[in-house]
Amino acid sequence: MSRFEAMDGNAATAEAMRQINPDVVPAYPITPQTSTVQTFSQFVADGEVDTEFIRVESEHSAMAACIGASAAGGRVMTATSANGLALMWEMVYIAASNRTPIVMTVVNRALSGPINIHCDHSDSMGARDAGWIQLFGENPQEGYDNCIQAVRIAEHEDVLLPVMSMYDGFITSHGLERVQIEDDGAIKDFVGPFTAHEALLDVDHPVTYGPLDFYDFYMEHKRQQVEGMKHARRVILEVAADFEKRFGRHYGFFDGYRLDDAELALVVLSSTAGTARSVVDDLRSQGLKVGLLKPRVFRPFPAEELADALRDKAVVGVMDRSDSFGALGGPLFMELSAAFKIHDVPAKTVDYVFGLGGRDTTPDQIESVFRDLAGIAETGKIQQPVTYLGVRE
Amino acid sequence: MVNPNAGWKEIPWGGKIVEAGNAREYETGSWRAQQPVVDQETCINCLECWVFCPDVSIDVKDGEMVGFHLRFCKGCGICASICPVEAITMVAEAEAEGS
């Protein structure tokens, strides 16, 4: 039987990890992820899991140990945030290139500098080209559910790519909410036993990981990673369908709210979608045809599906919780704009960079975005393609 | 060993080498700029060169060092450096080929 508990995002994730019972967890503490692996390490100390917990001296070593343990033939998980992810950088790419199906929770936090421990998405957005599948969760429940589904997605034999599961630092990681925790046995059945592929510890079939790979084969191996991502599009939906069948909670590439008949749409990731929903309700009661789209999957980017969902909108406002300095706007805006161009979506699109370094985003600010969108719909003119929401001039 | 013209669908995922010992088919001797030459009169067959050679390129027969596997020797010079009786010298590849 499932049970309801008051949990923050990190406790819910640690609980998912306890139920998954991975073979190896190498981890290093960093705010705001720390309580995830701290709670999990208590499960290890109490003998509630069979996991080998490796206390490493840095995040670079954490990811190196993850890759080694995964290549050896184990189910491997870890968690990090911000500069911890940045310190892992070269290993993050190697994990994907070696096709090691590691599952890592990334509790989103602003990258230094200046030093900041609060939420934005600059950490995981910086890693968007590393070859990892990226899932964004809105609340502790989605952090728990995505963590569990990530194991099945990563380990699928047509995918074999590592998965990052994100949720917002402090807002979700430390915010207590009602979480439905499933039965231990049901989660064990859902994730299934781990099947190693070409494990280093399979001494009867010796294998080398990570040898030199020059111009003669490197490009073919990159093409294989692209194929893994293509398969991930199908597998993510298959795993979500099985999850929904067993546990009743629906997941897809994204989640729409009052979107179908909306003329003005807002696209925003993670916890801010919760605030935006209440704004949508308020404006709907005033007669404005507004709606919300919250992406869950950023890699692989579901371009065609997003284009189809937003095709008939007059104006689409994107809210980016990170910037790409010197680029056309934030990463979500750029990807979506490209998707619109490729898939012939006529909707006008504007970007709002918000919430950097944990800056609060209020319902009034989100309402001001919708008012902007309404103005663009009325005049047909975009005054400013990128707006920095809530910044002091 | 993977066919050099194999497409991405035909080769192991992630650049793994799944066939043990196939380094034998990868001839690294062409990388060499200097070649080791042994003076058999001086050599005491201690086999330290055999222990230290990173490319398993010291040819040993019946417990005696008899030369080098030049198909694989990269000319790194570790054997010459480690030899306790200075029986191995490194000579320029062009010079060695001419001799």
# chains A, B, ... in the order shown; residues from 1 in each chain; ligands from 1

call {"tool": "interface_residues", "arguments": {"of": "chain B", "to": "chain A", "cutoff": "6 Å", "atoms": "only C-alpha atoms", "output": "PDB file with N, CA and C atoms, in the first residue's frame"}}
result
ATOM      1  N   TRP B   8      28.253   3.233 -37.926  1.00  0.00           N
ATOM      2  CA  TRP B   8      27.953   3.382 -36.494  1.00  0.00           C
ATOM      3  C   TRP B   8      27.071   2.273 -35.946  1.00  0.00           C
ATOM      4  N   GLY B  14      29.591   3.118 -27.381  1.00  0.00           N
ATOM      5  CA  GLY B  14      30.403   3.846 -26.413  1.00  0.00           C
ATOM      6  C   GLY B  14      31.901   3.662 -26.593  1.00  0.00           C
ATOM      7  N   LYS B  16      33.622   1.024 -26.705  1.00  0.00           N
ATOM      8  CA  LYS B  16      34.206  -0.071 -25.927  1.00  0.00           C
ATOM      9  C   LYS B  16      34.941  -1.048 -26.837  1.00  0.00           C
ATOM     10  N   ILE B  17      36.006  -1.646 -26.309  1.00  0.00           N
ATOM     11  CA  ILE B  17      36.677  -2.744 -27.009  1.00  0.00           C
ATOM     12  C   ILE B  17      36.187  -4.035 -26.358  1.00  0.00           C
ATOM     13  N   VAL B  18      35.437  -4.817 -27.103  1.00  0.00           N
ATOM     14  CA  VAL B  18      34.812  -6.016 -26.514  1.00  0.00           C
ATOM     15  C   VAL B  18      35.541  -7.294 -26.918  1.00  0.00           C
ATOM     16  N   ALA B  20      39.006  -9.122 -26.451  1.00  0.00           N
ATOM     17  CA  ALA B  20      40.221  -9.041 -25.638  1.00  0.00           C
ATOM     18  C   ALA B  20      41.471  -9.269 -26.481  1.00  0.00           C
TER      19      ALA B  20
END

call {"tool": "select_by_dssp", "arguments": {"residues": "chain B", "states": "strand (DSSP E or B)", "output": "ChimeraX atom specification"}}
result
/B:17,34-38,58-61,64-68,88-92

call {"tool": "write_last_selection", "arguments": {"atoms": "N, CA, C and O atoms", "output": "mmCIF file, in the first residue's frame"}}
result
data_model
loop_
_atom_site.group_PDB
_atom_site.id
_atom_site.type_symbol
_atom_site.label_atom_id
_atom_site.label_comp_id
_atom_site.auth_asym_id
_atom_site.auth_seq_id
_atom_site.Cartn_x
_atom_site.Cartn_y
_atom_site.Cartn_z
ATOM 1 N N ILE B 17 36.006 -1.646 -26.309
ATOM 2 C CA ILE B 17 36.677 -2.744 -27.009
ATOM 3 C C ILE B 17 36.187 -4.035 -26.358
ATOM 4 O O ILE B 17 36.437 -4.274 -25.175
ATOM 5 N N GLN B 34 62.733 6.979 -32.507
ATOM 6 C CA GLN B 34 64.028 6.374 -32.144
ATOM 7 C C GLN B 34 63.833 4.881 -31.920
ATOM 8 O O GLN B 34 62.770 4.453 -31.465
ATOM 9 N N GLN B 35 64.851 4.141 -32.210
ATOM 10 C CA GLN B 35 64.747 2.678 -32.106
ATOM 11 C C GLN B 35 65.742 2.167 -31.056
ATOM 12 O O GLN B 35 66.895 2.604 -31.038
ATOM 13 N N PRO B 36 65.330 1.223 -30.206
ATOM 14 C CA PRO B 36 66.294 0.654 -29.249
ATOM 15 C C PRO B 36 67.206 -0.379 -29.933
ATOM 16 O O PRO B 36 66.748 -1.136 -30.785
ATOM 17 N N VAL B 37 68.450 -0.334 -29.569
ATOM 18 C CA VAL B 37 69.410 -1.329 -30.084
ATOM 19 C C VAL B 37 70.119 -1.926 -28.881
ATOM 20 O O VAL B 37 70.561 -1.198 -27.985
ATOM 21 N N VAL B 38 70.214 -3.275 -28.842
ATOM 22 C CA VAL B 38 70.819 -3.928 -27.674
ATOM 23 C C VAL B 38 72.212 -4.483 -28.037
ATOM 24 O O VAL B 38 72.426 -5.001 -29.133
ATOM 25 N N ILE B 58 59.533 -6.406 -25.652
ATOM 26 C CA ILE B 58 60.847 -7.033 -25.443
ATOM 27 C C ILE B 58 60.693 -8.515 -25.792
ATOM 28 O O ILE B 58 59.841 -9.214 -25.245
ATOM 29 N N ASP B 59 61.516 -8.962 -26.718
ATOM 30 C CA ASP B 59 61.440 -10.345 -27.181
ATOM 31 C C ASP B 59 62.335 -11.221 -26.283
ATOM 32 O O ASP B 59 63.544 -10.964 -26.169
ATOM 33 N N VAL B 60 61.695 -12.169 -25.637
ATOM 34 C CA VAL B 60 62.435 -13.045 -24.707
ATOM 35 C C VAL B 60 62.270 -14.497 -25.151
ATOM 36 O O VAL B 60 61.142 -14.943 -25.413
ATOM 37 N N LYS B 61 63.378 -15.207 -25.263
ATOM 38 C CA LYS B 61 63.316 -16.643 -25.587
ATOM 39 C C LYS B 61 64.165 -17.407 -24.587
ATOM 40 O O LYS B 61 65.322 -17.056 -24.342
ATOM 41 N N GLU B 64 66.048 -15.490 -22.060
ATOM 42 C CA GLU B 64 67.075 -14.526 -22.484
ATOM 43 C C GLU B 64 66.469 -13.444 -23.375
ATOM 44 O O GLU B 64 65.621 -13.726 -24.221
ATOM 45 N N MET B 65 66.954 -12.209 -23.131
ATOM 46 C CA MET B 65 66.479 -11.081 -23.932
ATOM 47 C C MET B 65 67.162 -11.179 -25.303
ATOM 48 O O MET B 65 68.390 -11.133 -25.399
ATOM 49 N N VAL B 66 66.328 -11.319 -26.376
ATOM 50 C CA VAL B 66 66.932 -11.535 -27.696
ATOM 51 C C VAL B 66 66.652 -10.386 -28.681
ATOM 52 O O VAL B 66 67.087 -10.443 -29.819
ATOM 53 N N GLY B 67 65.915 -9.371 -28.241
ATOM 54 C CA GLY B 67 65.668 -8.245 -29.165
ATOM 55 C C GLY B 67 64.338 -7.569 -28.881
ATOM 56 O O GLY B 67 63.810 -7.657 -27.760
ATOM 57 N N PHE B 68 63.790 -6.895 -29.916
ATOM 58 C CA PHE B 68 62.584 -6.083 -29.730
ATOM 59 C C PHE B 68 61.525 -6.446 -30.774
ATOM 60 O O PHE B 68 61.867 -6.838 -31.885
ATOM 61 N N ILE B 88 71.363 -1.096 -23.691
ATOM 62 C CA ILE B 88 70.435 -0.642 -24.726
ATOM 63 C C ILE B 88 70.667 0.826 -25.010
ATOM 64 O O ILE B 88 70.756 1.645 -24.085
ATOM 65 N N THR B 89 70.783 1.171 -26.289
ATOM 66 C CA THR B 89 70.905 2.574 -26.686
ATOM 67 C C THR B 89 69.795 2.885 -27.680
ATOM 68 O O THR B 89 69.325 2.006 -28.393
ATOM 69 N N MET B 90 69.394 4.140 -27.689
ATOM 70 C CA MET B 90 68.355 4.580 -28.623
ATOM 71 C C MET B 90 69.056 5.262 -29.795
ATOM 72 O O MET B 90 69.856 6.192 -29.587
ATOM 73 N N VAL B 91 68.727 4.827 -31.001
ATOM 74 C CA VAL B 91 69.311 5.461 -32.184
ATOM 75 C C VAL B 91 68.183 6.010 -33.060
ATOM 76 O O VAL B 91 67.081 5.465 -33.062
ATOM 77 N N ALA B 92 68.481 7.068 -33.783
ATOM 78 C CA ALA B 92 67.457 7.676 -34.644
ATOM 79 C C ALA B 92 66.941 6.642 -35.632
ATOM 80 O O ALA B 92 67.712 5.826 -36.143
#

call {"tool": "closest_residue", "arguments": {"among": "A:Ala307, A:Ala240, A:Ile30, A:Leu356", "to": "Asp120 of chain A", "atoms": "only C-alpha atoms"}}
result
A:Leu356

call {"tool": "atom_distance", "arguments": {"atom1": "atom CA of Ala154 of chain A", "atom2": "atom CA of Ser81 of chain A"}}
result
20.0 Å

call {"tool": "residues_around", "arguments": {"residues": "segment 336-343 of chain A", "least_positions_apart": "4", "cutoff": "8 Å", "atoms": "only C-alpha atoms", "output": "PDB file with C-alpha atoms, in the first residue's frame"}}
result
ATOM      1  CA  ALA A 303      10.456  19.860 -30.451  1.00  0.00           C
ATOM      2  CA  GLU A 304       7.680  18.479 -32.640  1.00  0.00           C
ATOM      3  CA  LEU A 306       5.891  21.232 -28.245  1.00  0.00           C
ATOM      4  CA  ALA A 307       5.342  22.837 -31.655  1.00  0.00           C
ATOM      5  CA  LEU A 332      14.407  27.239 -23.286  1.00  0.00           C
ATOM      6  CA  ALA A 347       3.116  32.107 -32.927  1.00  0.00           C
ATOM      7  CA  THR A 349       7.582  34.279 -29.069  1.00  0.00           C
TER       8      THR A 349
END

call {"tool": "residues_around", "arguments": {"residues": "Pro54 of chain B", "least_positions_apart": "4", "cutoff": "12 Å", "atoms": "only C-alpha atoms", "output": "PyMOL selection string"}}
result
chain B and resi 28+48-50+58+72-79

call {"tool": "atom_distance", "arguments": {"atom1": "atom CA of Gly47 of chain A", "atom2": "atom CA of Pro140 of chain A"}}
result
24.8 Å

call {"tool": "residues_around", "arguments": {"residues": "Asn146 of chain A", "least_positions_apart": "2", "cutoff": "12 Å", "atoms": "only C-alpha atoms", "output": "PyMOL selection string"}}
result
chain A and resi 9+12-13+16-17+103-106+133-144+148-154+163-167+191+236+239-240+243+249-253+296-297

call {"tool": "residues_around", "arguments": {"residues": "Ala87 of chain B", "least_positions_apart": "6", "cutoff": "9 Å", "atoms": "only C-alpha atoms", "output": "ChimeraX atom specification"}}
result
/B:37-44,80
